[in-house]
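Enquirer: Take this structure first; my questions come after.
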Amino acid sequence: MDVIPKWADAILIPLISIILAFIISALVILAIGEDPVRALQLMVQGTFGNSAGIGFMLFYATNFIFTGLAVAIAFHARLFNIGGEGQAMLGGLGVALVCLSLPLPHWTIALPVALIGGALFGALWALIPAYLQAKRGSHIVITTIMFNFIASALLVYLLVEVLKPAGSMDPATPRFPEGTHLPRMSDILGAIGIPFSDAAPVNVSFFIALLACFLFWLLVWRTRLGYEIRAYGHSETAALYAGISPTKIIIVAMLISGGLAGCMAINNVMAAERLVLNSVEGAGFIGIAVALMGRSHPVGVLLAALLFGFLVQGGAEIDFWTNIPRELIIVIQALVILFTGALDNMVRMPLERLFLMFRKPEA
Amino acid sequence: MSYLKNALGGVAALAVMAGAALAEPALMYDLGGKFDKSFNEAAYNGAKRWADETGESYQEIEVTAEAQRVQFATRLAEAGYNPIVVLGFQNAATVEEVAPKYPDTKFAIIDVGWLDIPNLRQITFAEHEGSYLVGMLAAMASESDTVGFIGGMDVPLIRHFACGYAQGAKAVNPDITVIANMTGTTPAAWNDPVKGGELTKSQISQGADVVYAAAGGTGVGVLQAAADADILSIGVDSNQNHLHPGEVLTSMLKRVDNAVYDVFSAGVDGFEPGVHTMSLANDGVGYALDENNESLITDEMKAAVDEAKAKIIAGDLNVVAYYENDSCPALDF
């Protein structure tokens, strides 16, 4: 029996953590002589005040949903995949190769094909650390983070030497052909009569991310494989006793994890219509915070991804309109991660005590 | 309802700010940030010099994510800033998208020279020419006949620097060994002085006694490690001779500050579109000579370099640019 009810675990603890993070951020902003209230106003207005702001928030959130789910599925198998960054990079490569080499007439065909390409490349990039963990006992934390650097080096090599159009100074692929261009939110909502800014890059991938959340739930809580993954995550020995193969679970969970990270590329690469060097921009790492905050549940991941999308977009607004240095926005993000991830017990333990106090009379 | 009112209030506030900002120039930094001790900072210095001299103000914004490039450029144009200077070849696609939408706004972009937009000034630098000169100086100063090059991230632009440097060194001494290393494969390579220092030590152990850093903030570590080991180093972009007086042979100057200053000074009325190359001929690139390094550059060295400079300007000496066919005649990558 859990000490605290589910709703408190899922909502109350993250909420308190976020509020604590914002209070400390406000103190830091005060300390450098700026106005925290105005900063918060700018963040909120810059994000929700117009459809472009919302569009940017959803665009960033789409990335974080994919990487958050990627980390979450690995968490369920008690694997700490911090290689989302590299897996998403490789996913980008897969999407770029598919878009550039196959004759894709229309986005409805290009999107599933690109999804397969991205997922395949991301999954394969996760397969090697997974194999090393399952068969050789090399710790997945070490191998996945090392694979991030290998992915980065591989991408630099390919973009500088192979994929870059001759004579261009910019290490990026050429633009993807017309048939692979994804419809933006402004096109989709415009078709049903809702005006939406075409400045924001949010696109159909957002809906794919929502679909991924649902499929994630289905997989983890409604299938045999999901049960096996969770069983293995709770207790390896019990799972073994129940006839679940650890090797299989490690490899399959990591393949799904890498595949989800790779799927992110439809948003940041396919919608950008070319592959550039730093297209992932730390989304793989933010995915860890998103999964931690979202308690590895798709609804939680979705909400946490929206929060981080808000932080990135709102942070850009602060940067644009005030003298608060952009490093401080990173500080705010870091505080949110610190409180929701690393300092989870700091909020949880007093709260548990509080709930126990209230429970005693009932019992 | 009250939320809506707040939102509308915000829009009104922004509109007021936009009005106040009319005809102010703006500067959009590239990823890497304002204080990278190199490219972006040089632009900042140019903008600051303009602001100090005229007493006027300008807007500046640092890009932190790929998706923000177009967002910020659009915001600047929409808010009425004019002219808008955008830094870095990675923004070529940005101005390609934004500039045609705002035909009355003047845009300028640095390190790009291949676009065709009527309201865009494109400024490129002949980094290979400046690097050629410091390569000559390096080869003449070297006693071990081995010189080093340390780049930031392995991108064509940095190869362009390295290629000019190697050509200059080999022009002085065809048998010289040029060791070239890149710091890393992530953007962190632009700001990793510790690794820059380690690479420098490694090059010293291979015999290098002059090391040229074209690596942004990483270069600080290169210059430090070289000074610690009592060998010579060469700075980049800004004049870095003063960092270790008497131990920095020279600096390859890339006058991004002048480019920004010129655009800001010309304003909207004096704006000249088209492609402008900042080369040796118009002092857009060059090598730094001041009281900190005058004892290191002998009269013969200066004479040889100045002769080469005159030849390059006159077109008698061709320094091959890496971009011409994505390869370098003097150095393999």
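Going by the structure tokens order, chains are called A, B, ..., each with residues numbered from 1, while ligands are numbered from 1 in the order shown.
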Per DSSP on the backbone, filter region 259-327 of chain B down to the residues in helix (DSSP H, G or I) and report them as a PyMOL selection string.
Expert: chain B and resi 259-266+299-314+322-324
Enquirer: Select from region 265-311 of chain B everything DSSP, run on the backbone, classes as strand (DSSP E or B), then give the selection as a list of chain:residue names.
Expert: B:Gly274, B:Val275, B:His276, B:Thr277, B:Met278, B:Val285, B:Gly286, B:Tyr287
Enquirer: Selection from above, N, CA and C atoms, as a PDB file, in the first residue's frame, can you write it?
Expert:
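Okay, again_26.pdb is ready:
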```pdb
ATOM      1  N   GLY B 274      23.892  44.124 -51.677  1.00  0.00           N
ATOM      2  CA  GLY B 274      24.878  43.440 -52.500  1.00  0.00           C
ATOM      3  C   GLY B 274      25.893  42.692 -51.655  1.00  0.00           C
ATOM      4  N   VAL B 275      26.844  42.071 -52.345  1.00  0.00           N
ATOM      5  CA  VAL B 275      27.868  41.278 -51.668  1.00  0.00           C
ATOM      6  C   VAL B 275      29.114  42.122 -51.463  1.00  0.00           C
ATOM      7  N   HIS B 276      29.581  42.194 -50.239  1.00  0.00           N
ATOM      8  CA  HIS B 276      30.789  42.951 -49.928  1.00  0.00           C
ATOM      9  C   HIS B 276      31.818  42.012 -49.326  1.00  0.00           C
ATOM     10  N   THR B 277      32.976  41.964 -49.937  1.00  0.00           N
ATOM     11  CA  THR B 277      34.018  41.096 -49.406  1.00  0.00           C
ATOM     12  C   THR B 277      35.007  41.921 -48.613  1.00  0.00           C
ATOM     13  N   MET B 278      35.201  41.498 -47.369  1.00  0.00           N
ATOM     14  CA  MET B 278      36.186  42.157 -46.522  1.00  0.00           C
ATOM     15  C   MET B 278      37.476  41.346 -46.658  1.00  0.00           C
ATOM     16  N   VAL B 285      40.517  41.818 -43.294  1.00  0.00           N
ATOM     17  CA  VAL B 285      41.302  40.820 -42.557  1.00  0.00           C
ATOM     18  C   VAL B 285      42.747  41.311 -42.529  1.00  0.00           C
ATOM     19  N   GLY B 286      43.548  40.710 -41.692  1.00  0.00           N
ATOM     20  CA  GLY B 286      44.947  41.123 -41.612  1.00  0.00           C
ATOM     21  C   GLY B 286      45.622  40.465 -40.431  1.00  0.00           C
ATOM     22  N   TYR B 287      46.853  40.920 -40.144  1.00  0.00           N
ATOM     23  CA  TYR B 287      47.520  40.387 -38.957  1.00  0.00           C
ATOM     24  C   TYR B 287      47.812  41.551 -38.031  1.00  0.00           C
TER      25      TYR B 287
END
```
Enquirer: Closest to chain B among A:Leu343, A:Ala126, A:Ala291, A:Val269, using only C-alpha atoms?
Expert: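 Of A:Leu343, A:Ala126, A:Ala291, A:Val269, the one nearest chain B is A:Val269, counting only C-alpha atoms.
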Enquirer: Would you mind listing what lies within 7 Å of Ala261 (chain A) as a PDB file with N, CA and C atoms, in the first residue's frame, with only C-alpha atoms counted and same-chain residues fewer than 5 positions away left out?
Expert:
```pdb
ATOM      1  N   PHE A  66       8.394  13.067 -27.379  1.00  0.00           N
ATOM      2  CA  PHE A  66       9.062  11.875 -27.929  1.00  0.00           C
ATOM      3  C   PHE A  66      10.238  11.448 -27.054  1.00  0.00           C
ATOM      4  N   THR A  67      11.096  12.395 -26.693  1.00  0.00           N
ATOM      5  CA  THR A  67      12.265  11.990 -25.902  1.00  0.00           C
ATOM      6  C   THR A  67      11.837  11.596 -24.490  1.00  0.00           C
ATOM      7  N   ALA A  70      10.636   8.176 -24.629  1.00  0.00           N
ATOM      8  CA  ALA A  70      11.780   7.287 -24.850  1.00  0.00           C
ATOM      9  C   ALA A  70      12.445   6.953 -23.522  1.00  0.00           C
ATOM     10  N   GLY A  84      19.269   9.489 -25.340  1.00  0.00           N
ATOM     11  CA  GLY A  84      18.210  10.005 -26.204  1.00  0.00           C
ATOM     12  C   GLY A  84      18.734  11.034 -27.193  1.00  0.00           C
ATOM     13  N   GLN A  87      20.394   9.136 -29.988  1.00  0.00           N
ATOM     14  CA  GLN A  87      19.400   8.368 -30.731  1.00  0.00           C
ATOM     15  C   GLN A  87      18.536   9.297 -31.577  1.00  0.00           C
ATOM     16  N   ALA A  88      18.210  10.479 -31.045  1.00  0.00           N
ATOM     17  CA  ALA A  88      17.436  11.446 -31.826  1.00  0.00           C
ATOM     18  C   ALA A  88      18.262  11.988 -32.992  1.00  0.00           C
ATOM     19  N   GLY A 122      17.159   5.327 -34.849  1.00  0.00           N
ATOM     20  CA  GLY A 122      17.262   5.559 -33.410  1.00  0.00           C
ATOM     21  C   GLY A 122      17.349   4.248 -32.651  1.00  0.00           C
TER      22      GLY A 122
END
```
Enquirer: Can you check which residues of chain A have any atom within 6 Å of chain B? Use only C-alpha atoms and format it as a PyMOL selection string.
Expert: chain A and resi 45+49+153+167+169
Enquirer: Contacts of Phe59 (chain A) at 10 Å or less, counting only C-alpha atoms, minus same-chain residues fewer than 6 places along, as a list in words?
Expert: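 The residues satisfying every condition are Gly53, Met185, Ala200, Pro201, Val202, Asn203, Val204, Ser205, Phe206, Asn267, Asn268, Leu306, Gly309 and Gln313 of chain A; Ala67 of chain B.
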Enquirer: Can you tell me, as JSON, numbers by chain, what residues are no more than 10 Å from Pro118 (chain B) when counting only C-alpha atoms, ignoring any on the same chain fewer than 3 positions away?
Expert: {"B": [99, 100, 103, 106, 107, 115, 121, 272, 273, 274]}
